[in-house]
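Asks: Quick one: this structure, given as structure tokens, is what I'll be asking you about.
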Amino acid sequence: MAKWGEGDPRWIVEERADATNVNNWHWTERDATNWSSDKLKSLLLGLSVENEEGTCEVTEVSKVEGEASINNRKGKLIFFYEWNVKATWTGKSKAGVKYKGTIEVPNLSDENDMEDLDISVSLNKDEPDTLLMNLMKTKGVDKFRDALQSYVGFLKTEFTQGMILPTANGVAKPQSTSQSKAKLDKTEISTSASTATPVNTGVKIPTCKFTLKETFLTSPAELYRVFLNNEMVQAFTRGSATVDGEKGGKFRLLDGNILGEFTELVPDEKIVMKWRYNTWPCEHYATITMTFLDRSSETELKVEYRGVPNSQEEQTKEGWKRYYFESIKQTFGYGARLF
């Protein structure tokens, strides 16, 4: 899968540095405006929802006004974006009657939480009342918001590839995601504080094995990278993360609630890792094998779990579905096609 910025003149960006700073140490700014405009249009166009009343689809993105940029200041990436977005939606009732309206977001900005966006839905003048308005104001607004969240995730991962992250000692820092104000509810991951001391039971733990499967609308190579790239992991977990994406490399996610180590890596095909919640008995790890299967326009991810404590089976399943599968889809736009 081609990456934005490679081989296509539309994705050429401007990057400028302080002229007195030839080593690019203090400040670098990259203009993301043109890239963002095209990315927003591609994510929003074609969004559709359906219920018993009929279907609605975004058929035109008529306005994308604003700007976006990324500053690299002493190794820390700072994101700025402000957009006014307007799109046309077309609805069709079960009886075959067609309707048109607009959906508009005037305040997509790094200063606003996604939950605080003003997303307004209206019917065009002279259009008769329709129950499809309720569909657009509920499911339609949710899908639109998810697409905008995906844009922010892509801005912080895809677009930042190759940006230099120097620091005073020459070691790159992980990208900060503190500007994202979305709060992640970790109660399903662990009912104890992340600093709780794991219990060493001194006895054999009854364990289980199971398999989960999920489909993502991206290539195996891109999905594989999501699990190994520190910035991408920070984006979809919406929190601090440390990931050393090499064989033998360790990872720490969700403020230390998730710990582990990569034991086998087959590029674009398989990841095997030792994985644990920090509240599991001391030094007990499950073995998780992720296999990336190419299904033409999408990737099937098969995840096999071995050694999960019996008492943690359901919690582990729900945690992976919510904090890995669903979050990755929402953040990077790899979700199922919308009907």
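Ligands are numbered from 1 in the order shown, residues from 1 within each chain, and chains are lettered A, B, ... in the order they appear in the structure tokens.
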For segment 216-227 of chain A, work out the shell of residues within 6 Å, counting only C-alpha atoms and skipping chain neighbours fewer than 2 positions away, then give it as a ChimeraX atom specification.
Replies: /A:229,232,268,292,298-299,334-335
Asks: Can you tell me which residues surround Ser240 of chain A at a distance of at most 7 Å, considering only C-alpha atoms, apart from same-chain residues fewer than 2 positions away, and format the answer as JSON, numbers by chain?
Replies: {"A": [234, 253, 254, 255]}
Asks: Okay, now the selection with C-alpha atoms, as a PDB file, in the first residue's frame?
Replies:
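Listing of again_6.pdb after writing:
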ATOM      1  CA  GLN A 234       0.461   6.006  21.384  1.00  0.00           C
ATOM      2  CA  LEU A 253       1.211   0.402  27.304  1.00  0.00           C
ATOM      3  CA  LEU A 254      -1.684   2.160  29.022  1.00  0.00           C
ATOM      4  CA  ASP A 255       0.364   3.680  31.836  1.00  0.00           C
TER       5      ASP A 255
END
Asks: Tell me, in Å to one decimal, how far atom CA of Lys329 of chain A is from atom CA of Asn310 of chain A.
Replies: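 Atom CA of Lys329 of chain A sits 28.2 Å away from atom CA of Asn310 of chain A.
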Asks: Pick the closest to Phe80 of chain A from A:Asp31, A:Asp142, A:Glu326, A:Asp129: which is it, counting only C-alpha atoms?
Replies: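 That would be A:Asp31, the residue with the smallest distance to Phe80 of chain A.
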Asks: I'd like to know which of A:Asn257, A:Ser109, A:Thr287, A:Thr157 is closest to Val233 of chain A, using only C-alpha atoms.
Replies: A:Thr157
Asks: Just checking: using only C-alpha atoms, which residue out of A:Ser48, A:Thr102, A:Thr237, A:Ser37 ends up closest to Gly319 of chain A?
Replies: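 Of all the options, A:Thr237 lies closest to Gly319 of chain A.
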Asks: Skipping near chain neighbours, those fewer than 6 positions away, what residues fall within 10 Å of Lys92 of chain A using only C-alpha atoms, listed as number ranges by chain?
Replies: A: 50, 53-57, 98-100, 130, 132
Asks: Would you output that residue set with N, CA and C atoms, as a compact mmCIF listing (two decimals), in the first residue's frame?
Replies:
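The result, stored in out.txt:
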# COMPACT_ATOMS: atom_id res chain seq x y z
N GLU A 50 -27.52 3.25 7.77
CA GLU A 50 -28.79 2.66 7.34
C GLU A 50 -29.60 2.21 8.55
N GLU A 53 -35.70 2.92 8.18
CA GLU A 53 -36.32 4.00 7.40
C GLU A 53 -35.68 4.18 6.03
N GLY A 54 -34.40 3.78 5.88
CA GLY A 54 -33.71 3.95 4.61
C GLY A 54 -32.22 4.10 4.81
N THR A 55 -31.56 4.74 3.86
CA THR A 55 -30.11 4.91 3.91
C THR A 55 -29.73 6.36 3.68
N CYS A 56 -28.57 6.75 4.21
CA CYS A 56 -28.02 8.09 3.99
C CYS A 56 -26.54 7.95 3.69
N GLU A 57 -26.06 8.79 2.79
CA GLU A 57 -24.65 8.72 2.38
C GLU A 57 -24.10 10.11 2.14
N LYS A 98 -36.13 10.38 -2.37
CA LYS A 98 -34.78 10.88 -2.13
C LYS A 98 -34.82 12.24 -1.42
N TYR A 99 -33.81 12.46 -0.57
CA TYR A 99 -33.70 13.71 0.17
C TYR A 99 -32.24 14.17 0.13
N LYS A 100 -32.06 15.48 0.31
CA LYS A 100 -30.70 16.03 0.38
C LYS A 100 -30.58 16.98 1.56
N THR A 130 -38.51 14.25 7.05
CA THR A 130 -38.25 12.83 6.89
C THR A 130 -37.62 12.27 8.16
N LEU A 132 -35.41 10.23 8.17
CA LEU A 132 -33.98 10.03 7.91
C LEU A 132 -33.12 11.08 8.61
Asks: Write out as a ChimeraX atom specification each polymer residue whose atoms come within 10 Å of Tyr285 of chain A, counting only C-alpha atoms; drop sequence neighbours fewer than 3 positions from it.
Replies: /A:259-261,273-278,280-282,288,306-309
Asks: Nearest to Asn107 of chain A among A:Phe262, A:Phe251, A:Trp83, A:Phe144, with distances taken over only C-alpha atoms: which residue is it?
Replies: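 Checking each candidate against Asn107 of chain A, we get A:Trp83 as the closest.
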Asks: Kindly give the distance, in Å, that separates atom CA of Glu214 of chain A and atom CA of Tyr324 of chain A, rounded to a single decimal.
Replies: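 Between atom CA of Glu214 of chain A and atom CA of Tyr324 of chain A the gap is 10.5 Å.
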Asks: Using only C-alpha atoms, which of the listed residues (A:Lys86, A:Arg252, A:Phe332, A:Ile119) sits closest to Arg145 of chain A?
Replies: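 Among the listed residues, the smallest separation from Arg145 of chain A belongs to A:Ile119.
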